[in-house]
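Below is work.cif, holding mmCIF, C-alpha atoms (C1' of nucleotides).
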```cif
data_work
loop_
_atom_site.label_atom_id
_atom_site.label_comp_id
_atom_site.auth_asym_id
_atom_site.auth_seq_id
_atom_site.Cartn_x
_atom_site.Cartn_y
_atom_site.Cartn_z
CA MET A 262 0.00 0.00 0.00
CA SER A 263 1.43 3.29 -1.01
CA ALA A 264 1.85 4.84 2.38
CA ASN A 265 0.46 8.24 2.99
CA SER A 266 1.68 10.71 5.57
CA ARG A 267 -1.27 13.09 5.40
CA LEU A 268 -2.93 11.75 8.54
CA THR A 269 0.37 11.92 10.43
CA ILE A 270 1.08 15.50 9.42
CA ALA A 271 -2.46 16.60 10.17
CA ALA A 272 -2.26 15.08 13.66
CA HIS A 273 1.11 16.74 14.13
CA ALA A 274 -0.32 20.13 13.22
CA LEU A 275 -3.34 19.77 15.50
CA ALA A 276 -1.22 18.66 18.43
CA TRP A 277 1.13 21.57 17.82
CA ILE A 278 -1.67 24.14 17.73
CA GLY A 279 -3.27 22.62 20.80
CA LEU A 280 -0.08 22.71 22.82
CA TYR A 281 0.76 26.21 21.65
CA GLN A 282 -2.64 27.48 22.71
CA ARG A 283 -2.24 25.90 26.13
CA GLN A 284 0.94 27.88 26.47
CA GLY A 285 -1.17 31.02 26.21
CA HIS A 286 -0.87 31.90 22.53
CA GLU A 287 -3.87 32.84 20.45
CA VAL A 288 -2.97 31.55 17.02
CA ALA A 289 -0.27 29.49 15.35
CA THR A 290 1.13 30.25 11.91
CA SER A 291 1.68 27.75 9.14
CA GLU A 292 5.31 28.82 9.20
CA GLN A 293 5.77 27.67 12.80
CA ILE A 294 4.01 24.38 12.23
CA ALA A 295 5.96 23.77 9.04
CA THR A 296 9.21 24.27 10.94
CA SER A 297 8.19 21.69 13.53
CA ALA A 298 7.07 19.22 10.88
CA ASN A 299 10.08 20.00 8.69
CA THR A 300 8.08 20.73 5.59
CA ASN A 301 6.76 23.64 3.55
CA PRO A 302 4.21 26.12 4.95
CA VAL A 303 2.03 25.69 1.89
CA VAL A 304 1.74 21.98 2.57
CA ILE A 305 0.52 22.81 6.08
CA ARG A 306 -1.91 25.42 4.80
CA ARG A 307 -3.34 22.96 2.31
CA LEU A 308 -3.87 20.34 4.99
CA LEU A 309 -5.26 22.79 7.54
CA GLY A 310 -7.58 24.11 4.86
CA GLU A 311 -9.12 20.65 4.63
CA LEU A 312 -9.39 20.50 8.41
CA ARG A 313 -11.11 23.87 8.39
CA ARG A 314 -13.69 22.64 5.90
CA ALA A 315 -14.31 19.78 8.33
CA GLY A 316 -14.81 22.25 11.17
CA LEU A 317 -11.76 21.24 13.18
CA VAL A 318 -9.75 24.47 12.95
CA GLU A 319 -10.30 28.13 12.14
CA SER A 320 -8.04 30.63 10.45
CA ARG A 321 -7.63 34.39 10.70
CA ARG A 322 -6.09 36.60 8.07
CA GLY A 323 -4.29 39.91 8.25
CA VAL A 324 -1.57 40.90 10.66
CA GLY A 325 -1.36 38.60 13.67
CA ALA A 326 -3.17 35.99 11.63
CA GLY A 327 -2.90 32.24 11.99
CA TRP A 328 -4.71 29.07 12.97
CA SER A 329 -6.61 28.06 16.06
CA LEU A 330 -8.61 25.03 17.14
CA ALA A 331 -12.34 25.15 16.49
CA ARG A 332 -12.99 22.50 19.14
CA GLU A 333 -11.23 21.00 22.11
CA LEU A 334 -8.70 18.28 21.37
CA GLU A 335 -10.76 15.89 23.52
CA SER A 336 -13.64 16.15 21.09
CA MET A 337 -11.60 15.43 17.96
CA THR A 338 -10.79 11.88 16.94
CA LEU A 339 -8.40 10.49 14.38
CA LEU A 340 -11.49 9.49 12.43
CA ASP A 341 -12.49 13.14 12.07
CA VAL A 342 -9.02 13.92 10.78
CA TYR A 343 -8.91 10.84 8.56
CA GLU A 344 -12.18 11.66 6.88
CA ALA A 345 -11.08 15.25 6.40
CA VAL A 346 -7.81 14.46 4.67
CA GLU A 347 -8.22 10.99 3.10
CA PRO A 348 -10.76 11.05 0.31
CA GLY A 349 -11.00 7.60 -1.19
CA PRO A 350 -11.61 4.06 0.02
CA LEU A 351 -8.80 2.00 1.50
CA PHE A 352 -8.89 -0.74 -1.13
CA ALA A 353 -9.64 -0.21 -4.78
CA MET A 354 -11.45 -2.33 -7.31
CA HIS A 355 -10.02 -3.25 -10.72
CA ARG A 356 -9.01 -0.23 -12.78
CA THR A 357 -10.88 -1.70 -15.74
CA THR A 358 -14.14 -3.64 -15.60
CA PRO A 359 -13.45 -7.37 -15.39
CA ASP A 360 -14.91 -9.77 -17.95
CA GLN A 361 -18.64 -9.79 -17.22
CA GLY A 362 -19.04 -12.96 -19.22
CA CYS A 363 -16.87 -14.82 -16.70
CA VAL A 364 -18.48 -16.00 -13.47
CA VAL A 365 -15.61 -14.72 -11.37
CA GLY A 366 -15.28 -11.50 -13.33
CA TYR A 367 -18.99 -10.88 -12.85
CA GLY A 368 -19.20 -11.62 -9.15
CA ILE A 369 -15.84 -10.46 -7.84
CA GLN A 370 -16.61 -6.77 -7.46
CA PRO A 371 -19.80 -7.05 -5.40
CA ALA A 372 -18.12 -9.73 -3.30
CA MET A 373 -15.03 -7.66 -2.52
CA GLN A 374 -17.11 -4.54 -2.07
CA GLY A 375 -19.07 -6.15 0.72
CA ILE A 376 -15.94 -7.48 2.40
CA TYR A 377 -14.09 -4.18 2.13
CA GLU A 378 -16.98 -2.22 3.55
CA GLY A 379 -16.95 -4.30 6.69
CA ILE A 380 -13.21 -3.89 7.10
CA GLU A 381 -13.30 -0.15 6.56
CA GLU A 382 -16.08 0.15 9.08
CA THR A 383 -13.85 -1.55 11.61
CA LEU A 384 -10.99 0.75 10.71
CA ARG A 385 -13.18 3.80 11.22
CA HIS A 386 -14.26 2.45 14.56
CA GLU A 387 -10.64 2.07 15.64
CA LEU A 388 -9.75 5.56 14.46
CA ALA A 389 -12.71 6.97 16.37
CA ARG A 390 -11.35 5.54 19.61
CA VAL A 391 -8.28 7.79 19.55
CA THR A 392 -8.77 11.47 20.36
CA LEU A 393 -6.27 14.17 19.55
CA GLU A 394 -5.98 14.65 23.30
CA ASN A 395 -4.72 11.07 23.46
CA VAL A 396 -2.24 11.87 20.72
CA LEU A 397 -0.93 14.96 22.50
CA ARG A 398 -0.60 13.05 25.76
CA ASP A 399 1.40 10.34 23.99
CA VAL A 400 3.55 12.98 22.34
CA LEU A 401 4.40 14.59 25.67
CA ALA A 402 5.02 11.18 27.23
CA ALA A 403 7.90 10.41 24.87
CA PRO A 404 11.02 9.67 26.94
CA ARG A 405 13.85 12.15 26.68
CA MET B 124 -5.28 7.10 0.64
CA SER B 125 -4.06 6.23 -2.79
CA ALA B 126 -6.18 3.22 -3.41
CA ASN B 127 -4.52 0.08 -4.49
CA SER B 128 -6.08 -2.75 -6.44
CA ARG B 129 -3.40 -5.36 -5.80
CA LEU B 130 -5.35 -7.18 -3.10
CA THR B 131 -8.47 -7.21 -5.28
CA ILE B 132 -6.67 -8.63 -8.30
CA ALA B 133 -4.86 -11.23 -6.21
CA ALA B 134 -8.14 -12.40 -4.69
CA HIS B 135 -9.66 -12.48 -8.17
CA ALA B 136 -6.83 -14.66 -9.46
CA LEU B 137 -7.01 -17.08 -6.55
CA ALA B 138 -10.77 -17.42 -6.82
CA TRP B 139 -10.44 -18.00 -10.55
CA ILE B 140 -7.81 -20.72 -10.14
CA GLY B 141 -9.80 -22.36 -7.37
CA LEU B 142 -12.99 -22.47 -9.41
CA TYR B 143 -11.17 -23.68 -12.50
CA GLN B 144 -9.58 -26.52 -10.58
CA ARG B 145 -12.95 -27.55 -9.17
CA GLN B 146 -14.13 -27.82 -12.75
CA GLY B 147 -11.50 -30.54 -13.26
CA HIS B 148 -8.61 -28.60 -14.77
CA GLU B 149 -5.08 -29.03 -13.56
CA VAL B 150 -3.58 -25.60 -14.06
CA ALA B 151 -4.66 -22.12 -15.08
CA THR B 152 -2.58 -19.86 -17.32
CA SER B 153 -1.85 -16.21 -16.65
CA GLU B 154 -3.45 -15.52 -20.01
CA GLN B 155 -6.79 -16.94 -18.90
CA ILE B 156 -6.76 -15.11 -15.60
CA ALA B 157 -5.73 -11.87 -17.29
CA THR B 158 -8.70 -12.17 -19.64
CA SER B 159 -11.08 -12.56 -16.72
CA ALA B 160 -9.52 -9.65 -14.82
CA ASN B 161 -9.25 -7.59 -18.00
CA THR B 162 -5.57 -6.85 -17.62
CA ASN B 163 -2.19 -7.95 -18.91
CA PRO B 164 -0.81 -11.46 -18.32
CA VAL B 165 2.44 -10.01 -17.02
CA VAL B 166 0.57 -8.18 -14.28
CA ILE B 167 -0.97 -11.48 -13.23
CA ARG B 168 2.35 -13.30 -13.38
CA ARG B 169 3.95 -10.65 -11.20
CA LEU B 170 1.22 -10.87 -8.60
CA LEU B 171 1.09 -14.66 -8.63
CA GLY B 172 4.85 -14.69 -8.30
CA GLU B 173 4.47 -12.88 -4.98
CA LEU B 174 1.79 -15.33 -3.93
CA ARG B 175 4.10 -18.19 -4.83
CA ARG B 176 6.82 -16.76 -2.61
CA ALA B 177 4.24 -16.73 0.17
CA GLY B 178 3.41 -20.38 -0.49
CA LEU B 179 -0.14 -19.84 -1.70
CA VAL B 180 0.24 -21.02 -5.30
CA GLU B 181 2.60 -23.10 -7.39
CA SER B 182 3.64 -22.75 -10.99
CA ARG B 183 4.78 -25.18 -13.64
CA ARG B 184 6.81 -24.28 -16.69
CA GLY B 185 7.09 -25.84 -20.09
CA VAL B 186 4.27 -27.09 -22.28
CA GLY B 187 0.96 -27.38 -20.43
CA ALA B 188 2.34 -25.07 -17.81
CA GLY B 189 0.38 -22.75 -15.54
CA TRP B 190 -0.66 -22.04 -11.99
CA SER B 191 -2.29 -24.13 -9.31
CA LEU B 192 -3.23 -23.65 -5.69
CA ALA B 193 -0.68 -24.76 -3.11
CA ARG B 194 -3.33 -25.01 -0.41
CA GLU B 195 -7.10 -25.27 -0.17
CA LEU B 196 -9.02 -22.01 -0.45
CA GLU B 197 -10.46 -22.65 3.03
CA SER B 198 -6.98 -22.37 4.53
CA MET B 199 -6.08 -19.08 2.86
CA THR B 200 -7.20 -15.79 4.34
CA LEU B 201 -7.18 -12.28 2.92
CA LEU B 202 -4.46 -11.57 5.49
CA ASP B 203 -2.18 -14.13 3.82
CA VAL B 204 -2.81 -12.45 0.48
CA TYR B 205 -2.47 -8.96 1.93
CA GLU B 206 0.88 -9.69 3.51
CA ALA B 207 2.07 -11.30 0.28
CA VAL B 208 1.23 -8.36 -1.97
CA GLU B 209 1.21 -5.25 0.23
CA PRO B 210 4.68 -4.51 1.52
CA GLY B 211 4.55 -1.38 3.64
CA PRO B 212 2.58 -0.09 6.58
CA LEU B 213 -0.87 1.39 6.10
CA PHE B 214 0.04 4.85 7.40
CA ALA B 215 3.38 6.54 6.86
CA MET B 216 5.41 8.83 9.05
CA HIS B 217 6.77 12.19 7.90
CA ARG B 218 8.92 11.96 4.77
CA THR B 219 11.59 14.04 6.52
CA THR B 220 12.50 13.92 10.20
CA PRO B 221 10.52 16.49 12.17
CA ASP B 222 12.28 19.12 14.28
CA GLN B 223 13.78 17.16 17.17
CA GLY B 224 14.22 20.36 19.14
CA CYS B 225 10.45 20.83 19.26
CA VAL B 226 8.48 18.88 21.85
CA VAL B 227 5.85 17.86 19.33
CA GLY B 228 8.39 17.15 16.60
CA TYR B 229 10.28 14.95 19.01
CA GLY B 230 7.37 12.96 20.40
CA ILE B 231 5.02 12.72 17.44
CA GLN B 232 6.61 9.77 15.68
CA PRO B 233 6.72 7.35 18.63
CA ALA B 234 3.20 8.45 19.55
CA MET B 235 1.74 7.83 16.09
CA GLN B 236 3.76 4.66 15.69
CA GLY B 237 2.12 3.15 18.75
CA ILE B 238 -1.34 4.19 17.65
CA TYR B 239 -0.87 2.93 14.10
CA GLU B 240 0.44 -0.42 15.25
CA GLY B 241 -2.71 -1.04 17.22
CA ILE B 242 -4.90 -0.09 14.29
CA GLU B 243 -2.99 -2.22 11.81
CA GLU B 244 -3.22 -5.15 14.20
CA THR B 245 -6.99 -4.78 14.17
CA LEU B 246 -6.97 -4.55 10.39
CA ARG B 247 -4.94 -7.75 10.14
CA HIS B 248 -7.36 -9.47 12.47
CA GLU B 249 -10.27 -8.48 10.24
CA LEU B 250 -8.49 -9.64 7.10
CA ALA B 251 -7.72 -12.96 8.77
CA ARG B 252 -11.42 -13.58 9.33
CA VAL B 253 -12.13 -13.82 5.61
CA THR B 254 -11.00 -16.94 3.77
CA LEU B 255 -10.66 -17.20 0.02
CA GLU B 256 -13.39 -19.83 0.24
CA ASN B 257 -15.64 -17.08 1.65
CA VAL B 258 -14.65 -14.88 -1.27
CA LEU B 259 -15.41 -17.53 -3.87
CA ARG B 260 -18.76 -18.26 -2.24
CA ASP B 261 -19.65 -14.56 -2.32
CA VAL B 262 -18.53 -14.37 -5.94
CA LEU B 263 -20.81 -17.26 -6.95
CA ALA B 264 -23.67 -15.78 -4.89
CA ALA B 265 -23.82 -12.62 -7.01
CA PRO B 266 -27.34 -12.26 -8.45
CA ARG B 267 -27.69 -12.59 -12.18
"C1'" DG C 68 -4.10 55.22 3.71
"C1'" DC C 69 -0.03 52.70 3.72
"C1'" DA C 70 3.18 49.09 5.32
"C1'" DT C 71 3.33 44.64 7.13
"C1'" DG C 72 2.49 39.83 7.94
"C1'" DT C 73 -0.28 36.10 7.03
"C1'" DT C 74 -3.68 33.25 4.64
"C1'" DG C 75 -5.74 31.49 0.08
"C1'" DC C 76 -4.84 29.61 -3.97
"C1'" DA C 77 -3.17 28.59 -8.53
"C1'" DA C 78 0.53 26.81 -11.29
"C1'" DC C 79 4.24 23.95 -11.97
"C1'" DC C 80 7.94 20.49 -11.11
"C1'" DT C 81 9.70 16.30 -9.04
"C1'" DT C 82 9.27 11.94 -7.06
"C1'" DC C 83 7.26 7.62 -6.41
"C1'" DG C 84 4.53 3.49 -6.93
"C1'" DC C 85 1.59 0.92 -9.87
"C1'" DT C 86 -0.06 -0.59 -14.29
"C1'" DG C 87 0.52 -1.75 -18.88
"C1'" DT C 88 3.39 -3.34 -22.61
"C1'" DT C 89 7.13 -5.44 -25.18
"C1'" DA C 90 10.78 -8.46 -25.49
"C1'" DC C 91 13.29 -12.38 -24.72
"C1'" DG C 92 15.49 -16.13 -22.20
"C1'" DA C 93 14.39 -20.46 -19.50
"C1'" DC C 94 12.06 -24.40 -19.20
"C1'" DT C 95 9.52 -28.78 -20.36
"C1'" DG C 96 6.32 -32.13 -22.66
"C1'" DG C 97 5.63 -34.24 -26.85
"C1'" DC D 180 13.52 -29.81 -32.04
"C1'" DC D 181 9.14 -27.33 -31.49
"C1'" DA D 182 5.59 -25.08 -29.14
"C1'" DG D 183 3.59 -23.08 -25.21
"C1'" DT D 184 4.17 -20.94 -20.90
"C1'" DC D 185 6.56 -18.96 -17.12
"C1'" DG D 186 10.25 -15.51 -15.30
"C1'" DT D 187 11.93 -11.26 -15.54
"C1'" DA D 188 13.94 -7.07 -17.17
"C1'" DA D 189 13.17 -2.69 -19.28
"C1'" DC D 190 10.52 1.16 -20.28
"C1'" DA D 191 6.53 4.33 -20.87
"C1'" DG D 192 2.32 6.34 -18.93
"C1'" DC D 193 -0.45 7.73 -15.25
"C1'" DG D 194 -1.96 9.68 -10.98
"C1'" DA D 195 -1.23 11.06 -6.22
"C1'" DA D 196 1.38 13.60 -3.16
"C1'" DG D 197 4.85 16.75 -1.72
"C1'" DG D 198 7.63 20.75 -2.58
"C1'" DT D 199 8.20 25.41 -4.44
"C1'" DT D 200 7.19 29.96 -6.24
"C1'" DG D 201 4.32 33.73 -6.96
"C1'" DC D 202 0.75 36.75 -6.04
"C1'" DA D 203 -3.83 38.44 -4.67
"C1'" DA D 204 -6.75 39.13 -0.52
"C1'" DC D 205 -7.10 40.58 3.87
"C1'" DA D 206 -6.70 42.81 8.55
"C1'" DT D 207 -4.13 45.26 11.87
"C1'" DG D 208 -1.23 49.01 13.52
"C1'" DC D 209 0.74 53.16 12.70
#
```

Let's see the structure in the file written out as structure tokens.
Amino acid sequence: MSANSRLTIAAHALAWIGLYQRQGHEVATSEQIATSANTNPVVIRRLLGELRRAGLVESRRGVGAGWSLARELESMTLLDVYEAVEPGPLFAMHRTTPDQGCVVGYGIQPAMQGIYEGIEETLRHELARVTLENVLRDVLAAPR
Amino acid sequence: MSANSRLTIAAHALAWIGLYQRQGHEVATSEQIATSANTNPVVIRRLLGELRRAGLVESRRGVGAGWSLARELESMTLLDVYEAVEPGPLFAMHRTTPDQGCVVGYGIQPAMQGIYEGIEETLRHELARVTLENVLRDVLAAPR
DNA sequence: GCATGTTGCAACCTTCGCTGTTACGACTGG
DNA sequence: CCAGTCGTAACAGCGAAGGTTGCAACATGC
């Protein structure tokens, strides 16, 4: 599976904003987050833009602008983040329609569809069990 | 997540070989399977080669050559197939090391690693619950 | 009202993995 | 020896994602 770091970076950004706000700051800039994540500010803005559409963060413009949480970290789960930044299904069907004249070619897609749906439902359930507060706690618990 | 059809095609190929053998044939050719899956025989050979390394199928060369199952479909699970054809982890870390001088940058990777491992374990458990016999049954159960 | 700092967003390049395709050697049964 | 099939390398095409640059939009302070 072509591994995708979008969920990781998004969690990183949310944890960073959350911690920064607890230290008394109002807003965090994409520049600061990008430095922590060692990437480009535009990448962060793109990701946070998707999180904003999902109602997880807010942004201000102008001088003293930046990003802030729209909800408490306790009320955000990895599922919220996952659905905000990962569009498609986990497993894909054939890129071209299989031979509908063949018994297997005809039945394989509905069969796999049903199986995959169950598995993705379980995945979503697991993601929903982890809040961003859990993530931040784990981050701060890392041994020096 | 960039969706990947490898697991789907591999399951298709195994179901096809299994059904073909039940119809009294000894071996299936990559050409036949490719026709059913509407793709190129080389793609099938590559995938089946990985399944052979995992001990799920066997191949013969020479005249009358082709592929056969190494085990019964009942004893193969989607987890076996998944591990044979999907190399990496489901979720990736940052492509570049985050800022180790930042608390979040320092702790984020171990934190996410632990979370992801739990989730992937659950995913593997779900995949292990589905046998290729289940898949073939679902395939044949598709309404006409 | 102007300077400043930041977001919003488009455009483009690079990289990477997968698929598709061609080609050809290796192998084996007849 | 011939024919059919696997085994595998090589390469092109595609799409997703990240990285980068550039610039307009915006809000705040002076």

At a cut-off of 8 Å, which residues of chain A touch chain D? Count only C-alpha atoms (C1' of nucleotides) and give the answer as a PyMOL selection string. chain A and resi 301+304+322-325

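Put simply, atom CA of B:Arg247 is 18.5 Å away from atom CA of A:Val391.
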
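Among the candidate residues B:His135, B:Arg183, B:Arg145, B:Arg194, the one lying nearest to chain A is B:His135, with distances computed using only C-alpha atoms.
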
Spatial sel., origin (1.1, -5.2, -15.8), limit 9 Å, all atoms listed in the file, listed as a ChimeraX atom specification: /B:162-169 /C:85-88

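All residues of protein, DNA or RNA that reach within 6 Å of B:Gly189, judged by only C-alpha atoms (C1' of nucleotides) and not counting those fewer than 2 positions away in the chain, are Val150, Ala151, Thr152, Ser182 and Arg183 of chain B.
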
At a cut-off of 7 Å, list the chain C residues touching chain A, using all atoms listed in the file, as a ChimeraX atom specification. /C:72-74,84

To verify the selection step, state as number ranges by chain which residues the PyMOL selection byres ((chain A and resi 337) around 10) yields on this input. A: 275, 317, 331-336, 338-342, 389, 391-395

Can you list, as an mmCIF file with C-alpha atoms, in the frame of the given file, every protein, DNA or RNA residue that comes within 10 Å of stretch 224-236 of chain B when you count all atoms listed in the file, leaving out same-chain residues fewer than 5 positions away?
```cif
data_model
loop_
_atom_site.group_PDB
_atom_site.id
_atom_site.type_symbol
_atom_site.label_atom_id
_atom_site.label_comp_id
_atom_site.auth_asym_id
_atom_site.auth_seq_id
_atom_site.Cartn_x
_atom_site.Cartn_y
_atom_site.Cartn_z
ATOM 1 C CA LEU A 268 -2.930 11.750 8.540
ATOM 2 C CA THR A 269 0.370 11.920 10.430
ATOM 3 C CA ILE A 270 1.080 15.500 9.420
ATOM 4 C CA ALA A 272 -2.260 15.080 13.660
ATOM 5 C CA HIS A 273 1.110 16.740 14.130
ATOM 6 C CA ALA A 274 -0.320 20.130 13.220
ATOM 7 C CA ALA A 276 -1.220 18.660 18.430
ATOM 8 C CA TRP A 277 1.130 21.570 17.820
ATOM 9 C CA ILE A 278 -1.670 24.140 17.730
ATOM 10 C CA LEU A 280 -0.080 22.710 22.820
ATOM 11 C CA ILE A 294 4.010 24.380 12.230
ATOM 12 C CA THR A 296 9.210 24.270 10.940
ATOM 13 C CA SER A 297 8.190 21.690 13.530
ATOM 14 C CA ALA A 298 7.070 19.220 10.880
ATOM 15 C CA ASN A 299 10.080 20.000 8.690
ATOM 16 C CA ASN A 395 -4.720 11.070 23.460
ATOM 17 C CA VAL A 396 -2.240 11.870 20.720
ATOM 18 C CA LEU A 397 -0.930 14.960 22.500
ATOM 19 C CA ARG A 398 -0.600 13.050 25.760
ATOM 20 C CA ASP A 399 1.400 10.340 23.990
ATOM 21 C CA VAL A 400 3.550 12.980 22.340
ATOM 22 C CA LEU A 401 4.400 14.590 25.670
ATOM 23 C CA ALA A 402 5.020 11.180 27.230
ATOM 24 C CA ALA A 403 7.900 10.410 24.870
ATOM 25 C CA PRO A 404 11.020 9.670 26.940
ATOM 26 C CA ARG A 405 13.850 12.150 26.680
ATOM 27 C CA PHE B 214 0.040 4.850 7.400
ATOM 28 C CA ALA B 215 3.380 6.540 6.860
ATOM 29 C CA MET B 216 5.410 8.830 9.050
ATOM 30 C CA HIS B 217 6.770 12.190 7.900
ATOM 31 C CA GLY B 241 -2.710 -1.040 17.220
ATOM 32 C CA ILE B 242 -4.900 -0.090 14.290
#
```

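Note that atom CA of A:Val346 and atom CA of A:Glu319 are 15.8 Å apart.
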
I'd like to know which of A:Gly316, A:Glu382, A:Pro359, A:Arg390 is closest to chain B, using only C-alpha atoms. A:Pro359

Padding of 4 Å on every side, edges along x, y and z, all listed atoms of stretch 257-260 of chain B included: what centre and edge lengths in Å, to one decimal, does that box have, as lines of an AutoDock Vina configuration file?
```
center_x = -16.7
center_y = -16.6
center_z = -1.1
size_x = 12.1
size_y = 11.4
size_z = 13.5
```

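Compared by their closest atoms to chain A, and using all atoms listed in the file, the residues B:Glu209, B:His248, B:Gly237, B:Arg175 rank with B:Glu209 nearest.
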
Quick one, how far is atom CA of B:Ala207 from atom CA of B:Glu249? 16.1 Å

Considering all atoms listed in the file, state which residue in the set A:Ala315, A:Leu330, A:Ala295, A:Leu309 is at the smallest distance from chain B. A:Ala295
